[in-house]
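File shown: query.pdb (PDB, C-alpha atoms).
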```
MODEL        1
ATOM      1  CA  MET A  27      86.863  75.334 113.765
ATOM      2  CA  ALA A  28      83.323  76.218 114.812
ATOM      3  CA  GLY A  29      80.709  76.779 112.147
ATOM      4  CA  ASP A  30      79.762  80.197 113.557
ATOM      5  CA  CYS A  31      83.018  81.907 112.576
ATOM      6  CA  VAL A  32      82.424  85.334 111.054
ATOM      7  CA  ILE A  33      86.189  85.682 110.585
ATOM      8  CA  GLU A  34      88.352  82.580 110.296
ATOM      9  CA  LEU A  35      92.121  82.373 109.893
ATOM     10  CA  ARG A  36      93.716  78.996 109.289
ATOM     11  CA  GLY A  37      97.472  78.415 109.264
ATOM     12  CA  VAL A  38      98.223  82.022 108.302
ATOM     13  CA  TRP A  39     101.845  82.939 107.696
ATOM     14  CA  THR A  40     102.906  86.400 106.572
ATOM     15  CA  GLN A  41     106.402  87.015 105.285
ATOM     16  CA  ILE A  42     107.900  90.177 103.844
ATOM     17  CA  GLY A  43     111.163  89.322 102.196
ATOM     18  CA  ALA A  44     113.201  87.372 104.738
ATOM     19  CA  ASN A  45     111.115  88.652 107.666
ATOM     20  CA  THR A  46     108.362  86.499 109.132
ATOM     21  CA  ILE A  47     105.547  88.649 110.564
ATOM     22  CA  HIS A  48     103.021  85.913 111.444
ATOM     23  CA  ARG A  49     103.627  82.227 111.985
ATOM     24  CA  ASP A  50     100.775  79.696 111.842
ATOM     25  CA  ILE A  51      97.954  81.983 113.040
ATOM     26  CA  ASN A  52      94.629  80.258 113.738
ATOM     27  CA  LEU A  53      91.661  82.346 114.837
ATOM     28  CA  CYS A  54      87.860  82.259 114.849
ATOM     29  CA  VAL A  55      85.789  85.350 115.624
ATOM     30  CA  HIS A  56      82.371  84.038 116.621
ATOM     31  CA  VAL A  57      79.020  85.536 115.660
ATOM     32  CA  GLY A  58      78.027  88.284 118.099
ATOM     33  CA  GLU A  59      81.247  88.439 120.089
ATOM     34  CA  VAL A  60      83.745  91.238 120.661
ATOM     35  CA  LEU A  61      87.264  89.928 120.157
ATOM     36  CA  ALA A  62      90.143  92.256 120.986
ATOM     37  CA  LEU A  63      93.592  91.852 119.474
ATOM     38  CA  ILE A  64      96.502  93.167 121.518
ATOM     39  CA  GLY A  65     100.266  93.083 121.009
ATOM     40  CA  GLU A  66     103.296  95.274 121.351
ATOM     41  CA  SER A  67     104.257  97.794 118.680
ATOM     42  CA  GLY A  68     105.652  96.017 115.644
ATOM     43  CA  SER A  69     104.018  92.696 116.480
ATOM     44  CA  GLY A  70     101.968  92.671 113.282
ATOM     45  CA  LYS A  71      98.501  93.683 114.554
ATOM     46  CA  THR A  72      97.879  96.138 111.716
ATOM     47  CA  THR A  73      99.161  93.679 109.124
ATOM     48  CA  LEU A  74      96.814  91.007 110.475
ATOM     49  CA  LEU A  75      93.918  93.453 110.395
ATOM     50  CA  ARG A  76      94.705  94.275 106.756
ATOM     51  CA  LEU A  77      94.530  90.563 105.900
ATOM     52  CA  MET A  78      91.049  90.381 107.445
ATOM     53  CA  LEU A  79      90.004  93.411 105.380
ATOM     54  CA  GLY A  80      91.263  91.876 102.155
ATOM     55  CA  LEU A  81      93.897  94.605 101.808
ATOM     56  CA  GLY A  82      96.724  92.091 101.790
ATOM     57  CA  GLN A  83      97.250  88.377 101.334
ATOM     58  CA  PRO A  84      98.995  85.874 103.585
ATOM     59  CA  THR A  85     102.054  84.066 102.316
ATOM     60  CA  ARG A  86     100.430  80.801 103.393
ATOM     61  CA  GLY A  87      97.100  79.822 104.883
ATOM     62  CA  THR A  88      93.567  81.126 104.382
ATOM     63  CA  VAL A  89      91.521  84.086 105.588
ATOM     64  CA  ARG A  90      87.740  83.724 105.413
ATOM     65  CA  VAL A  91      85.113  86.328 106.242
ATOM     66  CA  PHE A  92      81.454  85.290 106.148
ATOM     67  CA  GLU A  93      82.768  81.901 104.961
ATOM     68  CA  ARG A  94      84.280  83.459 101.827
ATOM     69  CA  PRO A  95      88.031  83.126 101.240
ATOM     70  CA  LEU A  96      89.467  86.586 100.595
ATOM     71  CA  GLN A  97      92.501  85.370  98.650
ATOM     72  CA  GLY A  98      91.737  85.292  94.966
ATOM     73  CA  CYS A  99      88.209  86.513  95.571
ATOM     74  CA  PRO A 100      86.766  88.120  92.392
ATOM     75  CA  ALA A 101      86.495  91.889  92.707
ATOM     76  CA  ASP A 102      82.682  91.921  92.572
ATOM     77  CA  ASP A 103      82.431  89.218  95.244
ATOM     78  CA  LEU A 104      84.922  91.026  97.474
ATOM     79  CA  LYS A 105      82.916  94.228  97.076
ATOM     80  CA  ARG A 106      79.744  92.446  98.197
ATOM     81  CA  VAL A 107      81.509  90.950 101.220
ATOM     82  CA  ARG A 108      82.906  94.350 102.188
ATOM     83  CA  GLN A 109      79.417  95.820 102.154
ATOM     84  CA  ARG A 110      78.642  93.505 105.077
ATOM     85  CA  TRP A 111      81.298  95.051 107.309
ATOM     86  CA  GLY A 112      82.212  98.515 108.537
ATOM     87  CA  VAL A 113      85.611  99.849 109.542
ATOM     88  CA  LEU A 114      86.545 102.531 112.035
ATOM     89  CA  PHE A 115      90.119 103.392 111.125
ATOM     90  CA  GLN A 116      92.641 104.751 113.588
ATOM     91  CA  GLU A 117      92.235 108.531 114.015
ATOM     92  CA  GLY A 118      88.900 108.300 112.159
ATOM     93  CA  ALA A 119      90.419 108.740 108.670
ATOM     94  CA  LEU A 120      87.676 111.113 107.534
ATOM     95  CA  PHE A 121      88.127 112.844 104.191
ATOM     96  CA  SER A 122      89.273 116.336 105.184
ATOM     97  CA  ALA A 123      87.602 118.091 102.224
ATOM     98  CA  LEU A 124      84.192 116.522 102.900
ATOM     99  CA  SER A 125      81.696 117.553 105.553
ATOM    100  CA  ALA A 126      80.593 115.156 108.266
ATOM    101  CA  TYR A 127      77.429 114.594 106.238
ATOM    102  CA  ASP A 128      79.283 113.814 103.015
ATOM    103  CA  ASN A 129      81.739 111.486 104.771
ATOM    104  CA  VAL A 130      78.836 109.371 106.023
ATOM    105  CA  ALA A 131      76.994 109.629 102.695
ATOM    106  CA  LEU A 132      80.002 108.403 100.695
ATOM    107  CA  PRO A 133      79.492 104.613 101.085
ATOM    108  CA  LEU A 134      75.775 105.057 100.391
ATOM    109  CA  ARG A 135      76.449 107.067  97.238
ATOM    110  CA  GLU A 136      78.956 104.463  96.060
ATOM    111  CA  LEU A 137      76.112 101.954  95.885
ATOM    112  CA  ARG A 138      74.638 104.040  93.017
ATOM    113  CA  ALA A 139      71.225 102.663  93.946
ATOM    114  CA  LEU A 140      69.654 105.218  96.258
ATOM    115  CA  PRO A 141      68.112 108.614  95.503
ATOM    116  CA  GLU A 142      69.629 111.562  97.353
ATOM    117  CA  GLU A 143      66.568 112.117  99.530
ATOM    118  CA  VAL A 144      66.847 108.551 100.850
ATOM    119  CA  ILE A 145      70.579 109.004 101.414
ATOM    120  CA  ARG A 146      69.881 112.172 103.382
ATOM    121  CA  GLU A 147      67.412 110.401 105.647
ATOM    122  CA  LEU A 148      69.866 107.539 106.243
ATOM    123  CA  VAL A 149      72.813 109.846 106.911
ATOM    124  CA  MET A 150      70.930 111.943 109.439
ATOM    125  CA  THR A 151      69.707 108.770 111.124
ATOM    126  CA  LYS A 152      73.278 107.435 111.434
ATOM    127  CA  LEU A 153      74.579 110.745 112.758
ATOM    128  CA  ALA A 154      71.809 110.811 115.345
ATOM    129  CA  LEU A 155      72.641 107.214 116.246
ATOM    130  CA  VAL A 156      76.174 108.264 117.242
ATOM    131  CA  GLU A 157      74.892 111.391 118.989
ATOM    132  CA  ILE A 158      76.000 113.966 116.419
ATOM    133  CA  GLU A 159      73.549 116.863 116.237
ATOM    134  CA  ALA A 160      72.126 117.925 112.880
ATOM    135  CA  ALA A 161      73.771 121.350 113.267
ATOM    136  CA  SER A 162      77.191 119.677 112.992
ATOM    137  CA  ALA A 163      76.420 117.736 109.811
ATOM    138  CA  ASP A 164      77.818 120.427 107.510
ATOM    139  CA  LYS A 165      81.053 120.904 109.467
ATOM    140  CA  LEU A 166      84.408 119.806 108.083
ATOM    141  CA  PRO A 167      86.529 117.367 110.133
ATOM    142  CA  SER A 168      88.869 120.233 111.079
ATOM    143  CA  GLN A 169      85.912 121.951 112.758
ATOM    144  CA  LEU A 170      85.085 118.921 114.913
ATOM    145  CA  SER A 171      86.572 117.806 118.224
ATOM    146  CA  GLY A 172      88.525 114.548 118.360
ATOM    147  CA  GLY A 173      85.584 112.791 119.955
ATOM    148  CA  MET A 174      83.202 114.050 117.284
ATOM    149  CA  VAL A 175      85.557 112.897 114.520
ATOM    150  CA  LYS A 176      85.483 109.390 116.013
ATOM    151  CA  ARG A 177      81.678 109.458 116.176
ATOM    152  CA  VAL A 178      81.308 110.611 112.580
ATOM    153  CA  ALA A 179      83.773 107.916 111.503
ATOM    154  CA  LEU A 180      81.687 105.377 113.406
ATOM    155  CA  ALA A 181      78.533 106.628 111.675
ATOM    156  CA  ARG A 182      80.283 106.126 108.331
ATOM    157  CA  ALA A 183      81.298 102.596 109.370
ATOM    158  CA  LEU A 184      77.651 101.859 110.188
ATOM    159  CA  ALA A 185      76.227 103.483 107.049
ATOM    160  CA  LEU A 186      75.478 100.203 105.251
ATOM    161  CA  ASP A 187      74.065  98.448 108.346
ATOM    162  CA  PRO A 188      76.983  96.017 108.667
ATOM    163  CA  GLU A 189      76.945  92.732 110.546
ATOM    164  CA  LEU A 190      80.649  93.012 111.378
ATOM    165  CA  LEU A 191      82.541  96.015 112.712
ATOM    166  CA  PHE A 192      86.321  96.467 112.705
ATOM    167  CA  LEU A 193      87.668  98.949 115.260
ATOM    168  CA  ASP A 194      91.311  99.993 114.891
ATOM    169  CA  GLU A 195      92.475 101.681 118.125
ATOM    170  CA  PRO A 196      89.011 103.218 118.656
ATOM    171  CA  THR A 197      89.995 105.426 121.616
ATOM    172  CA  ALA A 198      93.479 106.457 120.465
ATOM    173  CA  GLY A 199      94.027 110.200 120.752
ATOM    174  CA  LEU A 200      91.023 110.837 123.008
ATOM    175  CA  ASP A 201      91.256 112.247 126.514
ATOM    176  CA  PRO A 202      89.913 109.984 129.299
ATOM    177  CA  GLU A 203      86.470 111.617 129.399
ATOM    178  CA  ARG A 204      85.913 111.449 125.630
ATOM    179  CA  SER A 205      87.353 107.930 125.552
ATOM    180  CA  ALA A 206      84.899 106.754 128.223
ATOM    181  CA  GLY A 207      82.009 108.403 126.373
ATOM    182  CA  PHE A 208      82.984 106.774 123.089
ATOM    183  CA  VAL A 209      83.273 103.337 124.706
ATOM    184  CA  GLN A 210      79.809 103.750 126.240
ATOM    185  CA  LEU A 211      78.484 104.593 122.775
ATOM    186  CA  VAL A 212      80.034 101.452 121.276
ATOM    187  CA  VAL A 213      78.606  99.342 124.124
ATOM    188  CA  ARG A 214      75.121 100.698 123.415
ATOM    189  CA  LEU A 215      75.339 100.329 119.646
ATOM    190  CA  ARG A 216      76.654  96.789 119.865
ATOM    191  CA  GLN A 217      73.693  95.810 122.021
ATOM    192  CA  GLU A 218      71.171  97.568 119.794
ATOM    193  CA  LEU A 219      72.614  96.457 116.443
ATOM    194  CA  ARG A 220      73.827  92.981 117.494
ATOM    195  CA  LEU A 221      77.215  93.491 115.919
ATOM    196  CA  THR A 222      80.189  91.181 115.784
ATOM    197  CA  VAL A 223      83.290  93.244 116.576
ATOM    198  CA  LEU A 224      87.010  92.721 115.900
ATOM    199  CA  MET A 225      88.954  95.383 117.770
ATOM    200  CA  VAL A 226      92.646  96.276 117.837
ATOM    201  CA  THR A 227      93.511  98.253 120.948
ATOM    202  CA  HIS A 228      96.253  99.053 123.435
ATOM    203  CA  ASP A 229      93.850 100.531 125.995
ATOM    204  CA  VAL A 230      93.065  98.438 129.088
ATOM    205  CA  ASP A 231      89.923 100.473 129.894
ATOM    206  CA  THR A 232      88.511  99.641 126.466
ATOM    207  CA  LEU A 233      89.272  95.956 126.974
ATOM    208  CA  ILE A 234      87.530  95.944 130.340
ATOM    209  CA  ALA A 235      84.447  97.609 128.869
ATOM    210  CA  LEU A 236      84.104  95.689 125.628
ATOM    211  CA  ALA A 237      86.198  92.579 125.092
ATOM    212  CA  GLY A 238      84.479  89.201 125.272
ATOM    213  CA  ARG A 239      87.769  87.506 124.415
ATOM    214  CA  VAL A 240      91.307  88.794 124.069
ATOM    215  CA  ALA A 241      93.863  87.447 121.581
ATOM    216  CA  VAL A 242      97.521  88.205 122.305
ATOM    217  CA  LEU A 243      99.889  88.537 119.339
ATOM    218  CA  ALA A 244     103.519  88.041 120.341
ATOM    219  CA  ASP A 245     106.555  86.188 119.027
ATOM    220  CA  GLN A 246     104.879  86.075 115.583
ATOM    221  CA  ARG A 247     102.020  83.940 116.976
ATOM    222  CA  LEU A 248      98.773  84.200 118.862
ATOM    223  CA  VAL A 249     100.232  83.044 122.165
ATOM    224  CA  THR A 250      96.909  82.942 124.025
ATOM    225  CA  ILE A 251      93.212  83.624 123.456
ATOM    226  CA  GLY A 252      90.622  83.774 126.197
ATOM    227  CA  ALA A 253      88.541  85.836 128.581
ATOM    228  CA  LEU A 254      90.278  88.958 129.855
ATOM    229  CA  TRP A 255      90.504  87.651 133.433
ATOM    230  CA  ASP A 256      92.240  84.499 132.186
ATOM    231  CA  VAL A 257      94.589  86.239 129.745
ATOM    232  CA  VAL A 258      95.998  88.555 132.444
ATOM    233  CA  ASP A 259      97.490  85.505 134.176
ATOM    234  CA  PHE A 260      99.185  84.130 131.066
ATOM    235  CA  PRO A 261     102.937  83.771 131.738
ATOM    236  CA  HIS A 262     104.435  85.928 128.983
ATOM    237  CA  PRO A 263     106.617  89.064 129.353
ATOM    238  CA  PHE A 264     104.379  91.186 127.103
ATOM    239  CA  VAL A 265     101.227  90.178 128.982
ATOM    240  CA  ARG A 266     102.820  90.968 132.341
ATOM    241  CA  SER A 267     103.995  94.356 131.063
ATOM    242  CA  PHE A 268     100.712  95.233 129.319
ATOM    243  CA  PHE A 269      98.552  94.564 132.372
ATOM    244  CA  LEU A 270     101.013  95.862 134.962
ATOM    245  CA  GLY A 271      98.983  97.647 137.632
ATOM    246  CA  HIS A 272      95.669  96.513 136.111
ATOM    247  CA  ARG A 273      95.331  92.869 137.173
ATOM    248  CA  LYS A 274      92.912  93.604 140.019
ATOM    249  CA  ARG A 275      90.688  95.659 137.694
ATOM    250  CA  CYS A 276      90.698  92.747 135.224
ATOM    251  CA  ALA A 277      89.463  90.206 137.775
ATOM    252  CA  LYS A 278      86.200  88.612 136.640
ATOM    253  CA  GLU A 279      84.016  90.087 139.381
ATOM    254  CA  ASN A 280      85.382  93.605 138.814
ATOM    255  CA  VAL A 281      84.982  93.421 135.042
ATOM    256  CA  GLU A 282      81.409  92.174 135.371
ATOM    257  CA  GLN A 283      80.566  94.938 137.842
ATOM    258  CA  PHE A 284      82.041  97.552 135.518
ATOM    259  CA  ARG A 285      80.045  96.236 132.543
ATOM    260  CA  ARG A 286      76.794  96.154 134.494
ATOM    261  CA  ALA A 287      77.312  99.830 135.294
ATOM    262  CA  LEU A 288      77.953 100.629 131.617
ATOM    263  CA  ALA A 289      74.856  98.677 130.561
ATOM    264  CA  HIS A 290      72.798 100.955 132.823
ATOM    265  CA  GLY A 291      74.372 104.087 131.372
ATOM    266  CA  ARG A 292      76.660 104.795 134.294
ATOM    267  CA  GLN A 293      80.398 105.309 134.242
ATOM    268  CA  ALA A 294      81.975 102.918 136.698
ATOM    269  CA  ALA A 295      84.909 104.066 138.735
TER     270      ALA A 295
ENDMDL
END
```
Would you mind giving the structure from this file in structure tokens?
Amino acid sequence: MAGDCVIELRGVWTQIGANTIHRDINLCVHVGEVLALIGESGSGKTTLLRLMLGLGQPTRGTVRVFERPLQGCPADDLKRVRQRWGVLFQEGALFSALSAYDNVALPLRELRALPEEVIRELVMTKLALVEIEAASADKLPSQLSGGMVKRVALARALALDPELLFLDEPTAGLDPERSAGFVQLVVRLRQELRLTVLMVTHDVDTLIALAGRVAVLADQRLVTIGALWDVVDFPHPFVRSFFLGHRKRCAKENVEQFRRALAHGRQAA
């Protein structure tokens, strides 16, 4: 595989009891790209994501992030590797008893290396980066809209200035307007921060806006990986069903037009 792999999976098999979840998965997420992982419910997307986060181990094969194998990685080494990535969990996963401010401050405080005044400056900077006003910093998650929860969760994911960002269903639960606004925010931040992004999503609009490549998980394998406009033509029942009614929108010229509009801060139709 290429030497610029931020995430690299080689010959990954995952078995739970007699059930095979993944069979011979090979994947490279290149520096600076956005790779989207799609698949039907129960296909093993979340399990594969957990392997990349070091929250599980494959039955066979290797998972490397920043060229470090995660299996058998000493706890201190794994902690250092994790400080180089951020994770936006599905539904935000904010701590309900902590304010927006304290949720974002948590990974900074866990470093045990920064005085509180520095943490405050960093937290307010991250909240501003995701367009959360200072007046909302002391609010609990229950006092925030769904879109604001996602933005605070994104600020927390960016707290340690990561090189790699994991997005798990980033627009799930948002109405179309808030979803479009959140995607525009991610587009801007990726450009400004030069992030590598691994994204799990079921949303075609998000794919059109963000995905450099799309990997399709089906039949326990990655059945195809490529540009969105190539993947839509792959002859597989899941692919046909997933993109039903969207193939014209996923044509190369339409995707490029849409992304140019987003890059200029406009919402394309």
Atomic separation - atom CA of Val249 of chain A relative to atom CA of Cys54 of chain A, Å |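 So the two atoms, atom CA of Cys54 of chain A and atom CA of Val249 of chain A, lie 14.4 Å apart.
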Using the chain letters and numbering of this document, enumerate as an mmCIF file with C-alpha atoms, keeping the file's coordinate frame the residues selected by the PyMOL selection byres ((chain A and resi 272) around 12).
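Dumped everything to part.cif:
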```
data_model
loop_
_atom_site.group_PDB
_atom_site.id
_atom_site.type_symbol
_atom_site.label_atom_id
_atom_site.label_comp_id
_atom_site.auth_asym_id
_atom_site.auth_seq_id
_atom_site.Cartn_x
_atom_site.Cartn_y
_atom_site.Cartn_z
ATOM 1 C CA ASP A 229 93.850 100.531 125.995
ATOM 2 C CA VAL A 230 93.065 98.438 129.088
ATOM 3 C CA ASP A 231 89.923 100.473 129.894
ATOM 4 C CA LEU A 233 89.272 95.956 126.974
ATOM 5 C CA ILE A 234 87.530 95.944 130.340
ATOM 6 C CA LEU A 254 90.278 88.958 129.855
ATOM 7 C CA TRP A 255 90.504 87.651 133.433
ATOM 8 C CA VAL A 258 95.998 88.555 132.444
ATOM 9 C CA ASP A 259 97.490 85.505 134.176
ATOM 10 C CA VAL A 265 101.227 90.178 128.982
ATOM 11 C CA ARG A 266 102.820 90.968 132.341
ATOM 12 C CA SER A 267 103.995 94.356 131.063
ATOM 13 C CA PHE A 268 100.712 95.233 129.319
ATOM 14 C CA PHE A 269 98.552 94.564 132.372
ATOM 15 C CA LEU A 270 101.013 95.862 134.962
ATOM 16 C CA GLY A 271 98.983 97.647 137.632
ATOM 17 C CA ARG A 273 95.331 92.869 137.173
ATOM 18 C CA LYS A 274 92.912 93.604 140.019
ATOM 19 C CA ARG A 275 90.688 95.659 137.694
ATOM 20 C CA CYS A 276 90.698 92.747 135.224
ATOM 21 C CA ALA A 277 89.463 90.206 137.775
ATOM 22 C CA ASN A 280 85.382 93.605 138.814
ATOM 23 C CA VAL A 281 84.982 93.421 135.042
#
```
Which residue of A:Glu195, A:Asp164, A:Glu159, A:Asp50 approaches Thr85 of chain A most closely, using only C-alpha atoms |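 Of all the options, A:Asp50 lies closest to Thr85 of chain A.
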Which one is closest to Leu215 of chain A: A:Ala163, A:Val149, A:Ala289, A:Ala126? Count only C-alpha atoms.
->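 Among A:Ala163, A:Val149, A:Ala289, A:Ala126, it is A:Ala289 that comes nearest to Leu215 of chain A.
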Please put the answer as JSON: centre and edge lengths, in Å with one decimal, of a box along x, y and z that encloses all listed atoms of segment 83-98 of chain A plus 6 Å on each side.
```
{"center_x": 91.8, "center_y": 84.1, "center_z": 100.6, "size_x": 32.6, "size_y": 20.6, "size_z": 23.3}
```
Written as a VMD selection string, which residues does the PyMOL selection byres ((chain A and resi 68) around 12) give for the file shown?
-> chain A and resid 46 to 48 64 to 67 69 to 74 243 to 246
Got a sec to resolve the PyMOL selection byres ((chain A and resi 175-182) around 9) on this structure and send the residues as a PyMOL selection string?
-> chain A and resi 112-120+126-127+129-133+149+152-158+167-168+170-174+183-186+193+196-197+208+211-212
Compile the contact shell of Arg49 of chain A as a list in words: residues with an atom at most 6 Å away, counting only C-alpha atoms, same-chain residues fewer than 2 positions apart removed.
->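 Residues meeting the cut-off are Trp39, Ile51, Gln246 and Arg247 of chain A.
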Using only C-alpha atoms, determine which residues lie at most 6 Å from Val226 of chain A, disregarding the query and same-chain residues fewer than 4 positions distant; provide the list as a CSV table (one decimal) with C-alpha atoms, in the coordinates of the input.
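Saved the output as selection_28.csv:
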```csv
chain,number,residue,atom,x,y,z
A,62,ALA,CA,90.1,92.3,121.0
A,63,LEU,CA,93.6,91.9,119.5
A,194,ASP,CA,91.3,100.0,114.9
A,195,GLU,CA,92.5,101.7,118.1
```
Calculate how many Å separate atom CA of Gly37 of chain A from atom CA of Val89 of chain A, rounding to one decimal.
-> 9.0 Å
Among listed residues A:Ala198, A:Leu140, A:Met225, A:Val257, nearest Ala237 of chain A (using all atoms listed in the file) =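 Among the listed residues, A:Met225 lies closest to Ala237 of chain A.
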Atom CA of Ile42 of chain A to atom CA of Gly80 of chain A measures 16.8 Å
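Closest approach to Arg90 of chain A among A:Glu136, A:Asp187, A:Glu34, A:Asp102 is made by A:Glu34 (distances from only C-alpha atoms).
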Completion step: segment 227-235 of chain A with all heavy atoms as an mmCIF file, keeping the file's coordinate frame:
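Final file, out-v4.cif:
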```
data_model
loop_
_atom_site.group_PDB
_atom_site.id
_atom_site.type_symbol
_atom_site.label_atom_id
_atom_site.label_comp_id
_atom_site.auth_asym_id
_atom_site.auth_seq_id
_atom_site.Cartn_x
_atom_site.Cartn_y
_atom_site.Cartn_z
ATOM 1 N N THR A 227 93.386 97.185 119.962
ATOM 2 C CA THR A 227 93.511 98.253 120.948
ATOM 3 C C THR A 227 94.732 98.033 121.831
ATOM 4 O O THR A 227 95.241 96.914 121.954
ATOM 5 C CB THR A 227 92.241 98.347 121.827
ATOM 6 O OG1 THR A 227 92.334 99.498 122.666
ATOM 7 C CG2 THR A 227 92.070 97.108 122.691
ATOM 8 N N HIS A 228 95.190 99.128 122.425
ATOM 9 C CA HIS A 228 96.253 99.053 123.435
ATOM 10 C C HIS A 228 95.738 99.566 124.774
ATOM 11 O O HIS A 228 96.497 99.675 125.736
ATOM 12 C CB HIS A 228 97.458 99.892 123.001
ATOM 13 C CG HIS A 228 97.190 101.372 123.028
ATOM 14 N ND1 HIS A 228 96.540 102.019 122.005
ATOM 15 C CD2 HIS A 228 97.437 102.311 123.963
ATOM 16 C CE1 HIS A 228 96.417 103.302 122.317
ATOM 17 N NE2 HIS A 228 96.951 103.503 123.499
ATOM 18 N N ASP A 229 94.423 99.855 124.835
ATOM 19 C CA ASP A 229 93.850 100.531 125.995
ATOM 20 C C ASP A 229 93.149 99.532 126.915
ATOM 21 O O ASP A 229 92.172 98.888 126.515
ATOM 22 C CB ASP A 229 92.858 101.595 125.514
ATOM 23 C CG ASP A 229 92.267 102.386 126.669
ATOM 24 O OD1 ASP A 229 93.053 103.059 127.369
ATOM 25 O OD2 ASP A 229 91.049 102.312 126.876
ATOM 26 N N VAL A 230 93.622 99.405 128.148
ATOM 27 C CA VAL A 230 93.065 98.438 129.088
ATOM 28 C C VAL A 230 91.619 98.784 129.428
ATOM 29 O O VAL A 230 90.767 97.892 129.562
ATOM 30 C CB VAL A 230 93.932 98.361 130.364
ATOM 31 C CG1 VAL A 230 93.289 97.451 131.407
ATOM 32 C CG2 VAL A 230 95.330 97.855 130.030
ATOM 33 N N ASP A 231 91.299 100.077 129.581
ATOM 34 C CA ASP A 231 89.923 100.473 129.894
ATOM 35 C C ASP A 231 88.951 99.993 128.820
ATOM 36 O O ASP A 231 87.839 99.537 129.117
ATOM 37 C CB ASP A 231 89.816 101.996 130.035
ATOM 38 C CG ASP A 231 90.503 102.518 131.277
ATOM 39 O OD1 ASP A 231 90.685 101.739 132.224
ATOM 40 O OD2 ASP A 231 90.867 103.711 131.301
ATOM 41 N N THR A 232 89.359 100.092 127.565
ATOM 42 C CA THR A 232 88.511 99.641 126.466
ATOM 43 C C THR A 232 88.324 98.136 126.508
ATOM 44 O O THR A 232 87.229 97.621 126.261
ATOM 45 C CB THR A 232 89.125 100.067 125.117
ATOM 46 O OG1 THR A 232 89.289 101.492 125.098
ATOM 47 C CG2 THR A 232 88.239 99.668 123.953
ATOM 48 N N LEU A 233 89.378 97.410 126.830
ATOM 49 C CA LEU A 233 89.272 95.956 126.974
ATOM 50 C C LEU A 233 88.285 95.583 128.073
ATOM 51 O O LEU A 233 87.432 94.704 127.898
ATOM 52 C CB LEU A 233 90.640 95.356 127.306
ATOM 53 C CG LEU A 233 91.705 95.353 126.215
ATOM 54 C CD1 LEU A 233 93.018 94.822 126.788
ATOM 55 C CD2 LEU A 233 91.275 94.500 125.038
ATOM 56 N N ILE A 234 88.408 96.250 129.211
ATOM 57 C CA ILE A 234 87.530 95.944 130.340
ATOM 58 C C ILE A 234 86.072 96.190 129.972
ATOM 59 O O ILE A 234 85.180 95.429 130.331
ATOM 60 C CB ILE A 234 87.937 96.774 131.571
ATOM 61 C CG1 ILE A 234 89.309 96.306 132.088
ATOM 62 C CG2 ILE A 234 86.900 96.673 132.683
ATOM 63 C CD1 ILE A 234 89.883 97.188 133.180
ATOM 64 N N ALA A 235 85.820 97.245 129.221
ATOM 65 C CA ALA A 235 84.447 97.609 128.869
ATOM 66 C C ALA A 235 83.845 96.720 127.792
ATOM 67 O O ALA A 235 82.644 96.437 127.818
ATOM 68 C CB ALA A 235 84.404 99.067 128.412
#
```
